[in-house]
$ cat input30.pdb   # PDB, C-alpha atoms
ATOM      1  CA  MET B   1      -7.398 -16.093 -10.567
ATOM      2  CA  VAL B   2      -9.113 -13.262  -8.718
ATOM      3  CA  SER B   3     -11.113 -14.404  -5.718
ATOM      4  CA  GLU B   4     -13.119 -11.208  -5.242
ATOM      5  CA  VAL B   5     -14.082  -8.275  -7.450
ATOM      6  CA  VAL B   6     -15.350  -4.935  -6.189
ATOM      7  CA  ILE B   7     -17.128  -2.806  -8.773
ATOM      8  CA  GLY B   8     -17.887   0.809  -8.021
ATOM      9  CA  ASP B   9     -16.973   4.439  -8.313
ATOM     10  CA  TYR B  10     -13.539   5.474  -7.018
ATOM     11  CA  ARG B  11     -15.144   8.670  -5.703
ATOM     12  CA  ASP B  12     -17.375   6.678  -3.329
ATOM     13  CA  LEU B  13     -15.667   6.181   0.038
ATOM     14  CA  ASP B  14     -17.775   3.161   0.997
ATOM     15  CA  THR B  15     -16.789   1.411  -2.245
ATOM     16  CA  LEU B  16     -13.126   2.201  -1.618
ATOM     17  CA  ARG B  17     -13.386   0.810   1.906
ATOM     18  CA  ASP B  18     -15.017  -2.383   0.589
ATOM     19  CA  PHE B  19     -12.171  -2.770  -1.887
ATOM     20  CA  ALA B  20      -9.453  -1.920   0.633
ATOM     21  CA  ARG B  21     -10.571  -4.604   3.091
ATOM     22  CA  GLY B  22      -8.985  -7.234   0.864
ATOM     23  CA  CYS B  23      -5.712  -5.384   0.256
ATOM     24  CA  ASP B  24      -2.395  -5.171   2.066
ATOM     25  CA  VAL B  25      -1.686  -1.744   0.569
ATOM     26  CA  ILE B  26      -3.586   0.682  -1.672
ATOM     27  CA  THR B  27      -2.110   2.669  -4.540
ATOM     28  CA  PHE B  28      -3.597   4.855  -7.254
ATOM     29  CA  ASP B  29      -2.752   5.599 -10.864
ATOM     30  CA  HIS B  30      -4.311   9.004 -11.490
ATOM     31  CA  GLU B  31      -4.817  12.289  -9.685
ATOM     32  CA  HIS B  32      -8.616  12.284  -9.588
ATOM     33  CA  VAL B  33      -8.971  10.127  -6.476
ATOM     34  CA  PRO B  34     -10.289  12.390  -3.700
ATOM     35  CA  THR B  35      -7.441  13.129  -1.286
ATOM     36  CA  GLU B  36      -9.825  13.048   1.669
ATOM     37  CA  HIS B  37     -10.775   9.466   0.774
ATOM     38  CA  LEU B  38      -7.140   8.374   0.837
ATOM     39  CA  ARG B  39      -6.724  10.072   4.205
ATOM     40  CA  ALA B  40      -9.809   8.231   5.483
ATOM     41  CA  LEU B  41      -8.353   4.901   4.338
ATOM     42  CA  GLU B  42      -5.115   5.698   6.161
ATOM     43  CA  ALA B  43      -7.135   6.576   9.273
ATOM     44  CA  ASP B  44      -8.747   3.140   8.940
ATOM     45  CA  GLY B  45      -5.243   1.646   9.162
ATOM     46  CA  ILE B  46      -4.841   0.881   5.457
ATOM     47  CA  PRO B  47      -1.411   1.748   4.003
ATOM     48  CA  VAL B  48      -1.683   4.091   0.988
ATOM     49  CA  ARG B  49       1.406   4.398  -1.247
ATOM     50  CA  PRO B  50       2.277   6.985  -2.333
ATOM     51  CA  GLY B  51       0.500   8.859   0.410
ATOM     52  CA  PRO B  52      -2.158  11.546   0.018
ATOM     53  CA  ASP B  53       0.436  14.311   0.337
ATOM     54  CA  ALA B  54       2.020  13.164  -2.934
ATOM     55  CA  LEU B  55      -1.391  13.297  -4.605
ATOM     56  CA  VAL B  56      -1.854  16.936  -3.624
ATOM     57  CA  HIS B  57       1.227  17.834  -5.686
ATOM     58  CA  ALA B  58       0.032  15.781  -8.678
ATOM     59  CA  GLN B  59      -3.326  17.588  -8.590
ATOM     60  CA  ASP B  60      -1.677  21.022  -8.681
ATOM     61  CA  LYS B  61      -1.031  21.479 -12.412
ATOM     62  CA  GLY B  62      -0.027  25.115 -11.922
TER      63      GLY B  62
END
$ encode --input "input30.pdb" --output "structure tokens"
Amino acid sequence: MVSEVVIGDYRDLDTLRDFARGCDVITFDHEHVPTEHLRALEADGIPVRPGPDALVHAQDKG
């Protein structure tokens, strides 16, 4: 059973922060999450795995 649900846009930093408050670690499953948002979550003390540097490489399709 899920005790809390956060509904919102993954591109909205405030929504991501609301979600992250209830997590021990944050991860992502696609390359469209803004890298700067992941860096902001890390700055807030929230572990992000893989880190934003890995995302930069996934976003570079060239």
$ closest_residue --input "input30.pdb" --among "B:Val56, B:Ala40, B:Ile46, B:Val33" --to "B:Ala20" --atoms "all atoms listed in the file"
B:Ile46
$ residues_around --input "input30.pdb" --residues "B:Ile26" --least-positions-apart "4" --cutoff "7 Å" --atoms "all atoms listed in the file" --output "mmCIF file with C-alpha atoms, in the frame of the given file"
data_model
loop_
_atom_site.group_PDB
_atom_site.id
_atom_site.type_symbol
_atom_site.label_atom_id
_atom_site.label_comp_id
_atom_site.auth_asym_id
_atom_site.auth_seq_id
_atom_site.Cartn_x
_atom_site.Cartn_y
_atom_site.Cartn_z
ATOM 1 C CA ALA B 20 -9.453 -1.920 0.633
ATOM 2 C CA PRO B 47 -1.411 1.748 4.003
ATOM 3 C CA VAL B 48 -1.683 4.091 0.988
ATOM 4 C CA ARG B 49 1.406 4.398 -1.247
#
$ closest_residue --input "input30.pdb" --among "B:Gly51, B:Cys23, B:His32, B:Asp44" --to "B:Arg11" --atoms "only C-alpha atoms"
B:His32
$ closest_residue --input "input30.pdb" --among "B:Asp9, B:Asp18, B:Asp53, B:Glu4" --to "B:Glu31" --atoms "only C-alpha atoms"
B:Asp53
$ closest_residue --input "input30.pdb" --among "B:Leu55, B:Ser3, B:Gly8, B:Asp14" --to "B:Thr35" --atoms "only C-alpha atoms"
B:Leu55
$ decode --input "input30.pdb" --residues "stretch 26-44 of chain B" --atoms "C-alpha atoms" --output "compact mmCIF listing (two decimals), in the first residue's frame"
# COMPACT_ATOMS: atom_id res chain seq x y z
CA ILE B 26 15.77 9.35 -6.22
CA THR B 27 16.28 7.70 -9.59
CA PHE B 28 14.94 8.37 -13.07
CA ASP B 29 14.00 6.23 -16.04
CA HIS B 30 14.33 8.58 -19.01
CA GLU B 31 16.60 11.36 -20.21
CA HIS B 32 14.05 14.18 -20.23
CA VAL B 33 14.35 15.07 -16.55
CA PRO B 34 16.05 18.48 -16.36
CA THR B 35 19.64 17.97 -15.20
CA GLU B 36 19.53 21.20 -13.20
CA HIS B 37 16.59 19.82 -11.19
CA LEU B 38 18.56 16.70 -10.26
CA ARG B 39 21.47 18.90 -9.22
CA ALA B 40 19.11 20.98 -7.07
CA LEU B 41 17.81 17.83 -5.37
CA GLU B 42 21.39 16.76 -4.64
CA ALA B 43 22.09 20.23 -3.22
CA ASP B 44 19.07 19.69 -0.96
